[in-house]
Amino acid sequence: MAPKATTSLRISIDSKAFTTHDDDQEAAALLRLAGRDPKVFDLFRLKKNGVEEKIHDGQIVNLKNGDRFVSRQKLRFTIDGEPQSSYDDDQTAAALLRLAGVDPTGYDLARILAAGGTETFRDEQIVKIQNGDEFVTAKHVGGVA
């Protein structure tokens, strides 16, 4: 039996081009190829319509020439002391309140600052989330008639 002919495949990960001769690799191997730690990052295949499809670390990926991938870090943070996680690093305050199971019409979201104090966000305001952020909720204080 003749050995399988090797062909070069060009793929991209995080918009950076790579060439490989192995047409089936684990997702974790592709992350390492891109210089990403599979313990911290997850791999997503970009479909033609731009939708990202998550690929698990041990899953074998059958590569095709021109395949595009992105790596994403799952951010871990807390709201009212409860652990939360998301790949989306910018969300509205209302979306984060709903993630915590809190009604945005009755509560505000605030980030606990390292130097002390808090930073409060309006419901429609975009919150940039960083790994390890701590948020709290506070009931709206209504005016007196």
# chains A, B, ... in the order shown; residues from 1 in each chain; ligands from 1
call {"tool": "closest_atom_pairs", "arguments": {"of": "stretch 54-73 of chain A", "to": "stretch 5-27 of chain A", "cutoff": "6 Å", "atoms": "only C-alpha atoms", "output": "JSON lines"}}
result
{"residue": "A:Asp57", "atom": "CA", "partner": "A:Ala27", "partner_atom": "CA", "distance": 4.8}
{"residue": "A:Gly58", "atom": "CA", "partner": "A:Glu26", "partner_atom": "CA", "distance": 5.5}
{"residue": "A:Gln59", "atom": "CA", "partner": "A:Glu26", "partner_atom": "CA", "distance": 5.3}
{"residue": "A:Ile60", "atom": "CA", "partner": "A:Glu26", "partner_atom": "CA", "distance": 4.3}
{"residue": "A:Val61", "atom": "CA", "partner": "A:Gln25", "partner_atom": "CA", "distance": 5.3}
{"residue": "A:Asn62", "atom": "CA", "partner": "A:Asp24", "partner_atom": "CA", "distance": 4.5}
{"residue": "A:Leu63", "atom": "CA", "partner": "A:Asp23", "partner_atom": "CA", "distance": 4.9}
{"residue": "A:Asn65", "atom": "CA", "partner": "A:Leu9", "partner_atom": "CA", "distance": 4.8}
{"residue": "A:Gly66", "atom": "CA", "partner": "A:Ile11", "partner_atom": "CA", "distance": 5.0}
{"residue": "A:Asp67", "atom": "CA", "partner": "A:Ile11", "partner_atom": "CA", "distance": 4.9}
{"residue": "A:Arg68", "atom": "CA", "partner": "A:Ser12", "partner_atom": "CA", "distance": 4.8}
{"residue": "A:Phe69", "atom": "CA", "partner": "A:Ile13", "partner_atom": "CA", "distance": 4.6}
{"residue": "A:Val70", "atom": "CA", "partner": "A:Asp14", "partner_atom": "CA", "distance": 4.6}
call {"tool": "closest_atom_pairs", "arguments": {"of": "stretch 9-101 of chain A", "to": "stretch 115-124 of chain A", "cutoff": "12 Å", "atoms": "only C-alpha atoms", "output": "tab-separated table"}}
result
residue	atom	partner	partner_atom	distance
A:Asp90	CA	A:Glu124	CA	11.8
A:Gln91	CA	A:Glu124	CA	9.1
A:Thr92	CA	A:Glu124	CA	5.5
A:Ala93	CA	A:Asp123	CA	4.8
A:Ala94	CA	A:Asp123	CA	4.5
A:Ala95	CA	A:Asp123	CA	8.0
A:Leu96	CA	A:Asp123	CA	9.1
A:Leu97	CA	A:Asp123	CA	8.5
A:Arg98	CA	A:Asp123	CA	10.5
call {"tool": "select_by_dssp", "arguments": {"residues": "stretch 8-51 of chain A", "states": "strand (DSSP E)", "output": "list of chain:residue names"}}
result
A:Leu9, A:Arg10, A:Ile11, A:Ser12, A:Ile13, A:Lys16, A:Ala17, A:Phe18, A:Thr19, A:Thr20, A:Asp24, A:Gln25, A:Glu26, A:Phe41, A:Asp42, A:Leu43, A:Phe44, A:Arg45, A:Leu46
call {"tool": "write_last_selection", "arguments": {"atoms": "N, CA, C and O atoms", "output": "compact mmCIF listing (two decimals), in the first residue's frame"}}
result
# COMPACT_ATOMS: atom_id res chain seq x y z
N LEU A 9 -2.36 22.29 4.04
CA LEU A 9 -3.64 22.94 4.30
C LEU A 9 -3.36 24.28 4.95
O LEU A 9 -2.56 24.37 5.89
N ARG A 10 -4.01 25.31 4.45
CA ARG A 10 -3.88 26.64 5.06
C ARG A 10 -5.14 26.91 5.86
O ARG A 10 -6.25 26.82 5.32
N ILE A 11 -4.95 27.21 7.13
CA ILE A 11 -6.07 27.55 8.02
C ILE A 11 -5.73 28.86 8.72
O ILE A 11 -4.57 29.30 8.69
N SER A 12 -6.72 29.46 9.35
CA SER A 12 -6.43 30.64 10.16
C SER A 12 -7.06 30.47 11.54
O SER A 12 -8.13 29.89 11.68
N ILE A 13 -6.33 30.95 12.53
CA ILE A 13 -6.81 30.97 13.91
C ILE A 13 -6.58 32.39 14.41
O ILE A 13 -5.45 32.89 14.37
N LYS A 16 -4.78 34.75 12.06
CA LYS A 16 -3.38 34.49 11.75
C LYS A 16 -3.31 33.19 10.94
O LYS A 16 -3.93 32.19 11.30
N ALA A 17 -2.56 33.21 9.83
CA ALA A 17 -2.48 32.06 8.93
C ALA A 17 -1.51 31.00 9.44
O ALA A 17 -0.44 31.33 9.97
N PHE A 18 -1.88 29.74 9.26
CA PHE A 18 -1.05 28.60 9.60
C PHE A 18 -1.12 27.59 8.46
O PHE A 18 -2.15 27.47 7.79
N THR A 19 -0.03 26.85 8.27
CA THR A 19 0.01 25.76 7.30
C THR A 19 0.24 24.48 8.07
O THR A 19 1.09 24.41 8.96
N THR A 20 -0.52 23.44 7.72
CA THR A 20 -0.37 22.14 8.36
C THR A 20 -0.48 21.05 7.30
O THR A 20 -1.08 21.25 6.25
N ASP A 24 -6.34 16.04 10.29
CA ASP A 24 -7.23 15.79 11.43
C ASP A 24 -6.45 15.98 12.73
O ASP A 24 -5.49 15.28 12.99
N GLN A 25 -6.86 16.97 13.51
CA GLN A 25 -6.17 17.32 14.75
C GLN A 25 -7.18 17.59 15.85
O GLN A 25 -8.32 17.97 15.57
N GLU A 26 -6.74 17.40 17.08
CA GLU A 26 -7.59 17.75 18.21
C GLU A 26 -7.65 19.27 18.33
O GLU A 26 -6.69 19.97 17.99
N PHE A 41 -8.27 28.76 26.99
CA PHE A 41 -9.01 29.16 25.79
C PHE A 41 -9.79 27.99 25.22
O PHE A 41 -9.40 26.83 25.38
N ASP A 42 -10.88 28.30 24.53
CA ASP A 42 -11.67 27.32 23.79
C ASP A 42 -11.61 27.69 22.31
O ASP A 42 -11.43 28.86 21.95
N LEU A 43 -11.76 26.67 21.46
CA LEU A 43 -11.68 26.87 20.02
C LEU A 43 -13.08 26.86 19.40
O LEU A 43 -13.92 26.03 19.77
N PHE A 44 -13.28 27.77 18.45
CA PHE A 44 -14.54 27.85 17.72
C PHE A 44 -14.24 27.87 16.23
O PHE A 44 -13.34 28.58 15.79
N ARG A 45 -15.00 27.09 15.46
CA ARG A 45 -14.88 27.12 13.99
C ARG A 45 -15.84 28.19 13.49
O ARG A 45 -16.99 28.25 13.91
N LEU A 46 -15.35 29.04 12.59
CA LEU A 46 -16.20 30.06 11.98
C LEU A 46 -16.89 29.45 10.77
O LEU A 46 -16.23 29.03 9.83
call {"tool": "residues_around", "arguments": {"residues": "A:Pro38", "least_positions_apart": "5", "cutoff": "7 Å", "atoms": "only C-alpha atoms", "output": "VMD selection string"}}
result
chain A and resid 28 31 to 32 57
call {"tool": "write_last_selection", "arguments": {"atoms": "N, CA and C atoms", "output": "PDB file, in the first residue's frame"}}
result
ATOM      1  N   ALA A  28      -7.430  21.029  20.954  1.00  0.00           N
ATOM      2  CA  ALA A  28      -6.372  21.507  21.851  1.00  0.00           C
ATOM      3  C   ALA A  28      -5.052  21.680  21.101  1.00  0.00           C
ATOM      4  N   LEU A  31      -5.235  24.914  19.220  1.00  0.00           N
ATOM      5  CA  LEU A  31      -5.033  26.043  20.132  1.00  0.00           C
ATOM      6  C   LEU A  31      -3.545  26.223  20.439  1.00  0.00           C
ATOM      7  N   ARG A  32      -2.852  25.133  20.703  1.00  0.00           N
ATOM      8  CA  ARG A  32      -1.404  25.228  20.972  1.00  0.00           C
ATOM      9  C   ARG A  32      -0.657  25.749  19.749  1.00  0.00           C
ATOM     10  N   ASP A  57     -11.985  20.438  23.478  1.00  0.00           N
ATOM     11  CA  ASP A  57     -10.534  20.218  23.419  1.00  0.00           C
ATOM     12  C   ASP A  57     -10.130  18.860  22.843  1.00  0.00           C
TER      13      ASP A  57
END
call {"tool": "select_by_dssp", "arguments": {"residues": "chain A", "states": "helix (DSSP H, G or I)", "output": "list in words"}}
result
Ala27, Ala28, Ala29, Leu30, Leu31, Arg32, Leu33, Ala93, Ala94, Ala95, Leu96, Leu97, Arg98 and Leu99 of chain A
call {"tool": "write_last_selection", "arguments": {"atoms": "C-alpha atoms", "output": "short mmCIF file (atom, residue, chain, number, x, y, z; two decimals), in the first residue's frame"}}
result
data_model
loop_
_atom_site.label_atom_id
_atom_site.label_comp_id
_atom_site.auth_asym_id
_atom_site.auth_seq_id
_atom_site.Cartn_x
_atom_site.Cartn_y
_atom_site.Cartn_z
CA ALA A 27 -8.94 21.20 19.03
CA ALA A 28 -6.37 21.51 21.85
CA ALA A 29 -3.55 20.92 19.35
CA LEU A 30 -4.89 23.70 17.13
CA LEU A 31 -5.03 26.04 20.13
CA ARG A 32 -1.40 25.23 20.97
CA LEU A 33 -0.47 25.84 17.31
CA ALA A 93 -26.07 45.82 32.61
CA ALA A 94 -29.63 44.55 32.08
CA ALA A 95 -28.31 41.34 30.43
CA LEU A 96 -25.96 40.73 33.36
CA LEU A 97 -28.78 41.31 35.85
CA ARG A 98 -30.94 38.78 33.97
CA LEU A 99 -27.99 36.33 33.95
#
call {"tool": "closest_residue", "arguments": {"among": "A:Asn49, A:Gln125, A:Gln130, A:Thr105", "to": "A:Lys74", "atoms": "only C-alpha atoms"}}
result
A:Gln130
call {"tool": "residues_around", "arguments": {"residues": "stretch 132-137 of chain A", "least_positions_apart": "4", "cutoff": "8 Å", "atoms": "only C-alpha atoms", "output": "number ranges by chain"}}
result
A: 75-81, 97, 107-112
call {"tool": "write_last_selection", "arguments": {"atoms": "N, CA and C atoms", "output": "tab-separated table (two decimals), in the first residue's frame"}}
result
chain	number	residue	atom	x	y	z
A	75	LEU	N	-14.65	34.10	30.43
A	75	LEU	CA	-14.45	35.00	31.54
A	75	LEU	C	-15.23	34.50	32.75
A	76	ARG	N	-14.59	34.54	33.89
A	76	ARG	CA	-15.25	34.13	35.13
A	76	ARG	C	-15.36	35.36	36.03
A	77	PHE	N	-16.56	35.58	36.56
A	77	PHE	CA	-16.84	36.73	37.40
A	77	PHE	C	-17.96	36.35	38.36
A	78	THR	N	-18.26	37.23	39.30
A	78	THR	CA	-19.35	36.95	40.24
A	78	THR	C	-20.36	38.09	40.22
A	79	ILE	N	-21.60	37.73	40.50
A	79	ILE	CA	-22.66	38.70	40.73
A	79	ILE	C	-23.31	38.30	42.04
A	80	ASP	N	-23.26	39.20	43.01
A	80	ASP	CA	-23.75	38.93	44.37
A	80	ASP	C	-23.10	37.67	44.95
A	81	GLY	N	-21.81	37.49	44.64
A	81	GLY	CA	-21.05	36.37	45.19
A	81	GLY	C	-21.26	35.05	44.47
A	97	LEU	N	-27.80	41.48	34.77
A	97	LEU	CA	-28.78	41.31	35.85
A	97	LEU	C	-29.67	40.09	35.58
A	107	TYR	N	-33.69	46.62	39.76
A	107	TYR	CA	-32.34	46.56	40.34
A	107	TYR	C	-31.32	47.28	39.47
A	108	ASP	N	-30.25	47.71	40.12
A	108	ASP	CA	-29.08	48.28	39.44
A	108	ASP	C	-27.93	47.28	39.57
A	109	LEU	N	-26.95	47.40	38.68
A	109	LEU	CA	-25.74	46.58	38.72
A	109	LEU	C	-24.56	47.50	39.03
A	110	ALA	N	-23.67	47.02	39.90
A	110	ALA	CA	-22.47	47.80	40.23
A	110	ALA	C	-21.27	46.88	40.30
A	111	ARG	N	-20.13	47.39	39.80
A	111	ARG	CA	-18.86	46.66	39.89
A	111	ARG	C	-18.16	47.11	41.17
A	112	ILE	N	-17.61	46.16	41.91
A	112	ILE	CA	-16.81	46.47	43.09
A	112	ILE	C	-15.41	46.81	42.61
call {"tool": "atom_distance", "arguments": {"atom1": "atom CA of A:Ile129", "atom2": "atom CA of A:Val141"}}
result
25.5 Å
call {"tool": "atom_distance", "arguments": {"atom1": "atom CA of A:Ala34", "atom2": "atom CA of A:Ser71"}}
result
8.8 Å
